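Colleague: Provided below: coords-v9.tsv, containing TSV, C-alpha atoms and all ligand atoms.
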```tsv
chain	number	residue	atom	x	y	z
A	1	MET	CA	-182.75	65.18	-17.85
A	2	ASN	CA	-180.02	67.70	-18.46
A	3	LYS	CA	-176.29	68.27	-18.38
A	4	ALA	CA	-176.19	67.75	-14.62
A	5	THR	CA	-176.89	64.07	-15.21
A	6	ARG	CA	-173.54	63.43	-16.85
A	7	LYS	CA	-169.92	63.76	-15.99
A	8	THR	CA	-167.88	66.60	-17.43
A	9	ILE	CA	-164.51	65.29	-18.55
A	10	ILE	CA	-161.53	67.45	-19.44
A	11	ALA	CA	-158.92	65.26	-21.11
A	12	GLY	CA	-155.55	66.10	-22.57
A	13	ASN	CA	-154.20	64.29	-25.61
A	14	TRP	CA	-150.48	64.77	-25.59
A	15	LYS	CA	-150.04	63.04	-28.99
A	16	MET	CA	-146.34	62.41	-29.77
A	17	ASN	CA	-144.97	64.85	-27.22
A	18	MET	CA	-143.11	64.53	-23.90
A	19	THR	CA	-140.43	62.04	-22.92
A	20	PRO	CA	-140.99	59.98	-19.74
A	21	SER	CA	-139.06	62.41	-17.56
A	22	GLU	CA	-140.87	65.39	-19.07
A	23	ALA	CA	-144.15	63.57	-18.50
A	24	ALA	CA	-143.44	63.14	-14.80
A	25	VAL	CA	-142.84	66.87	-14.41
A	26	ALA	CA	-145.88	67.88	-16.47
A	27	VAL	CA	-148.25	65.49	-14.68
A	28	LYS	CA	-147.07	66.69	-11.25
A	29	GLU	CA	-147.43	70.30	-12.26
A	30	THR	CA	-150.88	69.71	-13.72
A	31	ALA	CA	-152.00	67.75	-10.65
A	32	GLU	CA	-150.89	70.55	-8.35
A	33	LEU	CA	-152.86	73.11	-10.38
A	34	VAL	CA	-156.07	71.06	-10.59
A	35	LYS	CA	-156.02	69.88	-6.99
A	36	GLY	CA	-159.51	69.93	-5.49
A	37	LYS	CA	-161.11	70.86	-8.82
A	38	ASN	CA	-163.67	68.11	-8.54
A	39	GLY	CA	-166.30	69.67	-10.77
A	40	CYS	CA	-164.97	67.57	-13.62
A	41	GLU	CA	-162.91	64.48	-14.25
A	42	VAL	CA	-159.33	65.34	-15.27
A	43	VAL	CA	-157.51	62.96	-17.61
A	44	LEU	CA	-154.15	63.10	-19.37
A	45	CYS	CA	-153.72	60.71	-22.30
A	46	VAL	CA	-150.03	60.13	-22.85
A	47	PRO	CA	-147.69	58.19	-25.16
A	48	TYR	CA	-147.25	54.52	-24.18
A	49	VAL	CA	-143.68	54.98	-22.96
A	50	ASP	CA	-144.78	57.80	-20.63
A	51	ILE	CA	-147.44	55.74	-18.89
A	52	ALA	CA	-145.26	54.43	-16.05
A	53	THR	CA	-143.90	57.81	-14.97
A	54	ALA	CA	-147.25	59.52	-15.58
A	55	VAL	CA	-149.14	56.99	-13.44
A	56	ALA	CA	-146.56	57.32	-10.66
A	57	ALA	CA	-146.73	61.12	-10.80
A	58	ALA	CA	-150.53	61.09	-10.74
A	59	ALA	CA	-150.83	58.71	-7.78
A	60	GLY	CA	-152.91	60.20	-4.99
A	61	THR	CA	-154.08	63.12	-7.15
A	62	ASN	CA	-157.30	63.72	-9.05
A	63	VAL	CA	-155.56	63.28	-12.42
A	64	LYS	CA	-156.34	60.05	-14.27
A	65	ILE	CA	-154.01	58.66	-16.90
A	66	GLY	CA	-155.09	57.49	-20.33
A	67	ALA	CA	-153.41	56.00	-23.40
A	68	GLU	CA	-153.72	57.26	-26.96
A	69	ASN	CA	-154.57	53.98	-28.68
A	70	VAL	CA	-155.01	50.27	-28.04
A	71	HIS	CA	-154.94	47.16	-30.20
A	72	PHE	CA	-158.03	45.02	-30.60
A	73	GLU	CA	-156.44	41.61	-30.09
A	74	ALA	CA	-155.67	40.35	-26.61
A	75	LYS	CA	-152.17	39.15	-27.52
A	76	GLY	CA	-150.15	37.68	-30.34
A	77	ALA	CA	-147.99	38.47	-33.33
A	78	TYR	CA	-148.78	42.17	-33.74
A	79	THR	CA	-145.37	43.80	-33.68
A	80	GLY	CA	-145.41	47.24	-32.15
A	81	GLU	CA	-148.92	47.03	-30.76
A	82	ILE	CA	-150.19	47.29	-27.19
A	83	SER	CA	-153.16	45.38	-25.74
A	84	ALA	CA	-155.87	46.57	-23.40
A	85	SER	CA	-154.73	44.31	-20.54
A	86	MET	CA	-151.19	45.72	-20.84
A	87	LEU	CA	-152.68	49.16	-20.31
A	88	THR	CA	-154.89	48.27	-17.36
A	89	GLU	CA	-152.01	46.52	-15.61
A	90	CYS	CA	-149.99	49.73	-15.93
A	91	GLY	CA	-152.69	51.75	-14.18
A	92	VAL	CA	-154.31	53.25	-17.26
A	93	GLU	CA	-158.02	54.08	-16.87
A	94	TYR	CA	-158.87	55.75	-20.16
A	95	VAL	CA	-157.93	55.22	-23.79
A	96	ILE	CA	-158.48	57.34	-26.87
A	97	VAL	CA	-159.76	55.36	-29.84
A	98	GLY	CA	-160.29	56.52	-33.41
A	99	HIS	CA	-158.48	59.82	-33.26
A	100	SER	CA	-158.53	61.51	-36.66
A	101	GLU	CA	-154.73	61.35	-36.81
A	102	ARG	CA	-154.97	57.56	-36.48
A	103	ARG	CA	-157.65	57.52	-39.18
A	104	GLN	CA	-155.70	59.88	-41.45
A	105	TYR	CA	-152.12	58.61	-41.08
A	106	PHE	CA	-152.43	55.02	-39.89
A	107	GLY	CA	-155.31	53.58	-41.87
A	108	GLU	CA	-157.75	53.43	-38.97
A	109	THR	CA	-161.29	52.70	-40.16
A	110	ASP	CA	-164.66	52.65	-38.45
A	111	LYS	CA	-164.31	48.86	-38.39
A	112	THR	CA	-160.99	48.90	-36.50
A	113	VAL	CA	-162.22	51.72	-34.27
A	114	ASN	CA	-165.17	49.52	-33.37
A	115	LEU	CA	-162.93	46.52	-32.65
A	116	ARG	CA	-160.54	48.57	-30.53
A	117	THR	CA	-163.44	50.09	-28.60
A	118	LYS	CA	-164.84	46.64	-27.81
A	119	ALA	CA	-161.45	45.29	-26.70
A	120	ALA	CA	-160.86	48.29	-24.46
A	121	LEU	CA	-164.33	48.14	-22.89
A	122	ASN	CA	-164.04	44.42	-22.27
A	123	ALA	CA	-160.79	45.03	-20.41
A	124	GLY	CA	-162.48	47.63	-18.19
A	125	LEU	CA	-161.03	50.74	-19.81
A	126	LYS	CA	-163.05	53.88	-20.39
A	127	VAL	CA	-162.98	54.77	-24.08
A	128	ILE	CA	-162.77	58.27	-25.49
A	129	LEU	CA	-164.10	57.56	-28.96
A	130	CYS	CA	-163.19	60.28	-31.45
A	131	LEU	CA	-165.16	61.14	-34.55
A	132	GLY	CA	-165.80	64.15	-36.73
A	133	GLU	CA	-166.03	65.44	-40.25
A	134	VAL	CA	-163.24	66.72	-42.49
A	135	LEU	CA	-163.42	70.17	-44.07
A	136	GLU	CA	-164.70	68.95	-47.45
A	137	GLU	CA	-167.54	67.11	-45.72
A	138	ARG	CA	-168.56	70.21	-43.76
A	139	GLN	CA	-168.40	72.31	-46.92
A	140	ALA	CA	-170.52	69.75	-48.75
A	141	GLY	CA	-173.15	70.02	-46.02
A	142	ILE	CA	-172.91	66.37	-44.98
A	143	THR	CA	-171.57	66.76	-41.42
A	144	GLU	CA	-174.74	65.26	-39.93
A	145	GLU	CA	-174.59	62.21	-42.20
A	146	ILE	CA	-170.89	61.66	-41.53
A	147	VAL	CA	-171.00	61.90	-37.74
A	148	SER	CA	-174.20	59.84	-37.60
A	149	MET	CA	-172.62	57.11	-39.69
A	150	GLN	CA	-169.43	57.14	-37.63
A	151	THR	CA	-171.39	56.97	-34.38
A	152	LYS	CA	-173.41	53.98	-35.62
A	153	LEU	CA	-170.46	52.08	-37.08
A	154	ASP	CA	-168.07	52.80	-34.20
A	155	LEU	CA	-170.63	51.69	-31.59
A	156	ALA	CA	-171.95	48.69	-33.55
A	157	GLY	CA	-172.51	45.70	-31.28
A	158	ILE	CA	-171.56	47.51	-28.09
A	159	PRO	CA	-174.12	46.59	-25.46
A	160	ALA	CA	-176.07	49.24	-23.55
A	161	GLU	CA	-174.49	48.29	-20.23
A	162	GLN	CA	-171.04	49.22	-21.57
A	163	MET	CA	-172.11	52.68	-22.69
A	164	LYS	CA	-171.38	54.06	-19.22
A	165	ASN	CA	-167.70	53.63	-20.11
A	166	VAL	CA	-167.95	55.30	-23.51
A	167	ILE	CA	-167.18	58.98	-23.93
A	168	ILE	CA	-167.62	60.49	-27.39
A	169	ALA	CA	-165.21	63.21	-28.50
A	170	TYR	CA	-166.56	65.27	-31.37
A	171	GLU	CA	-163.46	66.53	-33.13
A	172	PRO	CA	-164.05	68.32	-36.41
A	173	VAL	CA	-160.87	67.46	-38.28
A	174	TRP	CA	-160.56	70.96	-39.73
A	175	ALA	CA	-160.29	72.37	-36.20
A	176	ILE	CA	-157.50	70.11	-34.96
A	177	GLY	CA	-154.16	71.83	-34.49
A	178	THR	CA	-155.22	74.54	-36.90
A	179	GLY	CA	-156.17	77.26	-34.45
A	180	LEU	CA	-159.61	77.16	-36.08
A	181	THR	CA	-162.14	76.32	-33.39
A	182	ALA	CA	-165.70	75.32	-34.10
A	183	THR	CA	-167.99	78.03	-32.83
A	184	PRO	CA	-169.87	77.10	-29.67
A	185	GLU	CA	-172.99	76.87	-31.85
A	186	GLN	CA	-171.32	74.49	-34.31
A	187	ALA	CA	-170.00	72.33	-31.48
A	188	GLU	CA	-173.40	72.29	-29.79
A	189	GLU	CA	-175.20	71.43	-33.00
A	190	VAL	CA	-173.04	68.40	-33.78
A	191	CYS	CA	-172.81	67.16	-30.18
A	192	ALA	CA	-176.63	67.27	-30.10
A	193	ILE	CA	-176.79	65.31	-33.36
A	194	ILE	CA	-174.49	62.63	-31.89
A	195	ARG	CA	-176.61	62.47	-28.74
A	196	GLY	CA	-179.67	62.02	-30.93
A	197	VAL	CA	-178.06	59.05	-32.69
A	198	ILE	CA	-177.15	57.50	-29.32
A	199	ALA	CA	-180.76	58.00	-28.23
A	200	LYS	CA	-181.96	56.11	-31.30
A	201	LEU	CA	-179.48	53.31	-30.65
A	202	TYR	CA	-179.76	53.03	-26.85
A	203	GLY	CA	-182.68	55.18	-25.70
A	204	GLU	CA	-182.97	58.63	-24.13
A	205	GLU	CA	-181.67	57.70	-20.70
A	206	ILE	CA	-178.34	56.40	-21.94
A	207	ALA	CA	-178.04	59.28	-24.42
A	208	GLU	CA	-178.57	61.81	-21.64
A	209	ALA	CA	-175.99	60.08	-19.46
A	210	THR	CA	-173.28	59.93	-22.15
A	211	THR	CA	-170.47	62.45	-21.95
A	212	ILE	CA	-169.83	64.12	-25.32
A	213	GLN	CA	-166.68	66.22	-25.50
A	214	TYR	CA	-165.62	68.78	-28.04
A	215	GLY	CA	-162.05	68.76	-29.33
A	216	GLY	CA	-160.23	70.98	-31.80
A	217	SER	CA	-158.12	73.98	-30.80
A	218	MET	CA	-159.85	74.22	-27.43
A	219	ASN	CA	-157.80	76.47	-25.16
A	220	ASP	CA	-157.93	78.55	-22.01
A	221	ALA	CA	-159.48	81.45	-23.92
A	222	ASN	CA	-162.35	79.65	-25.65
A	223	ALA	CA	-163.12	76.77	-23.28
A	224	ALA	CA	-165.72	78.53	-21.13
A	225	GLU	CA	-168.07	79.41	-23.98
A	226	LEU	CA	-167.77	75.96	-25.55
A	227	LEU	CA	-168.36	74.20	-22.23
A	228	ALA	CA	-171.37	76.43	-21.51
A	229	LYS	CA	-173.28	74.69	-24.29
A	230	LYS	CA	-175.94	72.21	-23.20
A	231	ASN	CA	-174.60	69.23	-25.14
A	232	VAL	CA	-170.86	69.90	-24.74
A	233	ASP	CA	-169.76	67.92	-21.69
A	234	GLY	CA	-166.06	68.48	-21.72
A	235	GLY	CA	-163.06	68.77	-23.96
A	236	LEU	CA	-160.33	66.72	-25.56
A	237	ILE	CA	-157.39	69.05	-25.71
A	238	GLY	CA	-154.22	68.67	-27.74
A	239	GLY	CA	-151.76	71.55	-27.82
A	240	ALA	CA	-153.03	73.37	-24.73
A	241	SER	CA	-152.78	70.20	-22.63
A	242	LEU	CA	-148.99	70.30	-22.98
A	243	VAL	CA	-148.88	73.49	-20.92
A	244	PRO	CA	-150.11	72.75	-17.39
A	245	ALA	CA	-151.14	76.34	-16.68
A	246	LYS	CA	-153.29	76.48	-19.82
A	247	PHE	CA	-154.79	73.05	-19.26
A	248	ALA	CA	-155.60	73.92	-15.64
A	249	LYS	CA	-157.47	77.02	-16.81
A	250	ILE	CA	-159.63	74.80	-19.02
A	251	VAL	CA	-160.29	72.60	-15.98
A	252	ASP	CA	-161.26	75.79	-14.09
A	253	ALA	CA	-163.69	76.68	-16.87
A	254	ALA	CA	-165.37	73.30	-16.36
A	255	GLN	CA	-166.01	73.83	-12.65
A	256	ALA	CA	-169.17	75.90	-13.08
B	301	LIG	P1	-155.60	70.60	-30.64
B	301	LIG	O1	-156.22	70.99	-29.31
B	301	LIG	O2	-154.12	70.75	-30.64
B	301	LIG	O3	-156.29	71.25	-31.78
B	301	LIG	O4	-155.85	69.03	-30.79
B	301	LIG	C1	-157.13	68.55	-30.61
B	301	LIG	C2	-157.07	67.08	-30.60
B	301	LIG	O5	-156.78	66.46	-31.61
B	301	LIG	C3	-157.34	66.40	-29.34
B	301	LIG	O6	-157.45	65.03	-29.54
```
Show me this structure written as structure tokens.
Ligand code: 13P

Modeller:
Amino acid sequence: MNKATRKTIIAGNWKMNMTPSEAAVAVKETAELVKGKNGCEVVLCVPYVDIATAVAAAAGTNVKIGAENVHFEAKGAYTGEISASMLTECGVEYVIVGHSERRQYFGETDKTVNLRTKAALNAGLKVILCLGEVLEERQAGITEEIVSMQTKLDLAGIPAEQMKNVIIAYEPVWAIGTGLTATPEQAEEVCAIIRGVIAKLYGEEIAEATTIQYGGSMNDANAAELLAKKNVDGGLIGGASLVPAKFAKIVDAAQA
């Protein structure tokens, strides 16, 4: 089996950017630029309040809309939170879970990442599960241990049949928003490690079918060489996804 057996996914993570009206414009512009580019799945993950205008703007195009987080309970007294069924009813197909900014600033742990992933999968969402080492961990030479542990804990108890809706995003924290990109070799090495852990957990076939993205300062200039790597099946893009022309060039790079 090889890369051809899995879907390449180019996803934008807008983070806390774009108002609803700005979102409508940006989604339309992106959709126009990526029209017919069916060599990869194109996803824009947007702030909750942008979902309605983003979904409307993406209707009838090949752009799918995602959310940036989801709560693990179905409903109840969780002020400020959003459930998986709220997202699906709004037309959301994807959701990011476990982004390093959630882990760093909002107390997200592997346990809550695991719970959110399960809730999202059970509601029929596709999950972009983010993990990756911080700089000190890379410098200490424990990247493999860290990403292996995160992969195991974040996927704990998730049945094999749901893995078709799990996308892993390897995002080295030191490369996010810093302009420092992992080299293609570094990205390939860690994506291969993650695939190896999935193989141990679920077997080779599922591991080979799982999309593993790279994220961290991916842009129109460096996307092609990152995406050329055997185990890098797409990208999760922050800053460059806010500029439709740049994002569309990354989508172009994924058409090969
Ligand atoms: P940047 O592309 O801005 O580095 O962000 C990456 C990221 O965090 C995507 O989730």

Colleague: Nearest residue to A:Lys118 out of A:Val27, A:Ile146, A:Val92, A:Ala84, using only C-alpha atoms?

Modeller: A:Ala84

Colleague: Using all atoms of ligand LIG 301 (chain B) that appear in the file, construct an axis-aligned enclosing box with 4 Å of padding on every side and provide its centre coordinates and edge lengths in Å, rounded to one decimal, as lines of an AutoDock Vina configuration file.

Modeller:
```
center_x = -155.8
center_y = 68.1
center_z = -30.5
size_x = 11.3
size_y = 14.2
size_z = 10.5
```

Colleague: Any residue with an atom at most 6 Å from ligand LIG 301 (chain B) counts, using all atoms listed in the file. Which are they? Put them as a CSV table (one decimal) with C-alpha atoms, in the coordinates of the input.

Modeller:
```
chain,number,residue,atom,x,y,z
A,13,ASN,CA,-154.2,64.3,-25.6
A,176,ILE,CA,-157.5,70.1,-35.0
A,177,GLY,CA,-154.2,71.8,-34.5
A,215,GLY,CA,-162.0,68.8,-29.3
A,216,GLY,CA,-160.2,71.0,-31.8
A,217,SER,CA,-158.1,74.0,-30.8
A,218,MET,CA,-159.8,74.2,-27.4
A,236,LEU,CA,-160.3,66.7,-25.6
A,237,ILE,CA,-157.4,69.0,-25.7
A,238,GLY,CA,-154.2,68.7,-27.7
A,239,GLY,CA,-151.8,71.6,-27.8
```

Colleague: Name the residues, using the chain letters and numbers of the file, that sit within 12 Å of (-177.7, 64.3, -34.1) when counting only C-alpha atoms, and give them as a PDB file with C-alpha atoms, in the frame of the given file.

Modeller:
```
ATOM      1  CA  THR A 143    -171.570  66.760 -41.420  1.00  0.00           C
ATOM      2  CA  GLU A 144    -174.740  65.260 -39.930  1.00  0.00           C
ATOM      3  CA  GLU A 145    -174.590  62.210 -42.200  1.00  0.00           C
ATOM      4  CA  ILE A 146    -170.890  61.660 -41.530  1.00  0.00           C
ATOM      5  CA  VAL A 147    -171.000  61.900 -37.740  1.00  0.00           C
ATOM      6  CA  SER A 148    -174.200  59.840 -37.600  1.00  0.00           C
ATOM      7  CA  MET A 149    -172.620  57.110 -39.690  1.00  0.00           C
ATOM      8  CA  GLN A 150    -169.430  57.140 -37.630  1.00  0.00           C
ATOM      9  CA  THR A 151    -171.390  56.970 -34.380  1.00  0.00           C
ATOM     10  CA  LYS A 152    -173.410  53.980 -35.620  1.00  0.00           C
ATOM     11  CA  TYR A 170    -166.560  65.270 -31.370  1.00  0.00           C
ATOM     12  CA  ALA A 187    -170.000  72.330 -31.480  1.00  0.00           C
ATOM     13  CA  GLU A 188    -173.400  72.290 -29.790  1.00  0.00           C
ATOM     14  CA  GLU A 189    -175.200  71.430 -33.000  1.00  0.00           C
ATOM     15  CA  VAL A 190    -173.040  68.400 -33.780  1.00  0.00           C
ATOM     16  CA  CYS A 191    -172.810  67.160 -30.180  1.00  0.00           C
ATOM     17  CA  ALA A 192    -176.630  67.270 -30.100  1.00  0.00           C
ATOM     18  CA  ILE A 193    -176.790  65.310 -33.360  1.00  0.00           C
ATOM     19  CA  ILE A 194    -174.490  62.630 -31.890  1.00  0.00           C
ATOM     20  CA  ARG A 195    -176.610  62.470 -28.740  1.00  0.00           C
ATOM     21  CA  GLY A 196    -179.670  62.020 -30.930  1.00  0.00           C
ATOM     22  CA  VAL A 197    -178.060  59.050 -32.690  1.00  0.00           C
ATOM     23  CA  ILE A 198    -177.150  57.500 -29.320  1.00  0.00           C
ATOM     24  CA  ALA A 199    -180.760  58.000 -28.230  1.00  0.00           C
ATOM     25  CA  LYS A 200    -181.960  56.110 -31.300  1.00  0.00           C
ATOM     26  CA  LEU A 201    -179.480  53.310 -30.650  1.00  0.00           C
ATOM     27  CA  ALA A 207    -178.040  59.280 -24.420  1.00  0.00           C
ATOM     28  CA  ILE A 212    -169.830  64.120 -25.320  1.00  0.00           C
ATOM     29  CA  ASN A 231    -174.600  69.230 -25.140  1.00  0.00           C
TER      30      ASN A 231
END
```

Colleague: For stretch 104-111 of chain A, list every protein, DNA or RNA residue within 8 Å, evaluated using only C-alpha atoms, and leave out those in the same chain fewer than 6 positions away; present the list as a PyMOL selection string.

Modeller: chain A and resi 98+150+153-154

Colleague: Can you tell me how far atom CA of A:Ile10 sits from atom CA of A:Gly124, in Å to one decimal?

Modeller: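 These two atoms are separated by 19.9 Å.
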
Colleague: Could you name the residues that touch A:Ala169 at 9 Å or less, counting all atoms listed in the file, but leaving out those on the same chain fewer than 4 positions away, as number ranges by chain?

Modeller: A: 99, 128-132, 191, 211-215, 234-236

Colleague: Next, dump the selected residues to file, keeping only C-alpha atoms, as an mmCIF file, in the frame of the given file.

Modeller:
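After the write, part_11.cif holds the following:
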```cif
data_model
loop_
_atom_site.group_PDB
_atom_site.id
_atom_site.type_symbol
_atom_site.label_atom_id
_atom_site.label_comp_id
_atom_site.auth_asym_id
_atom_site.auth_seq_id
_atom_site.Cartn_x
_atom_site.Cartn_y
_atom_site.Cartn_z
ATOM 1 C CA HIS A 99 -158.480 59.820 -33.260
ATOM 2 C CA ILE A 128 -162.770 58.270 -25.490
ATOM 3 C CA LEU A 129 -164.100 57.560 -28.960
ATOM 4 C CA CYS A 130 -163.190 60.280 -31.450
ATOM 5 C CA LEU A 131 -165.160 61.140 -34.550
ATOM 6 C CA GLY A 132 -165.800 64.150 -36.730
ATOM 7 C CA CYS A 191 -172.810 67.160 -30.180
ATOM 8 C CA THR A 211 -170.470 62.450 -21.950
ATOM 9 C CA ILE A 212 -169.830 64.120 -25.320
ATOM 10 C CA GLN A 213 -166.680 66.220 -25.500
ATOM 11 C CA TYR A 214 -165.620 68.780 -28.040
ATOM 12 C CA GLY A 215 -162.050 68.760 -29.330
ATOM 13 C CA GLY A 234 -166.060 68.480 -21.720
ATOM 14 C CA GLY A 235 -163.060 68.770 -23.960
ATOM 15 C CA LEU A 236 -160.330 66.720 -25.560
#
```

Colleague: What does the distance between atom CA of A:Glu171 and atom CA of A:Glu204 come to in Å, to one decimal place?

Modeller: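 Here the two named atoms are 22.9 Å from each other.
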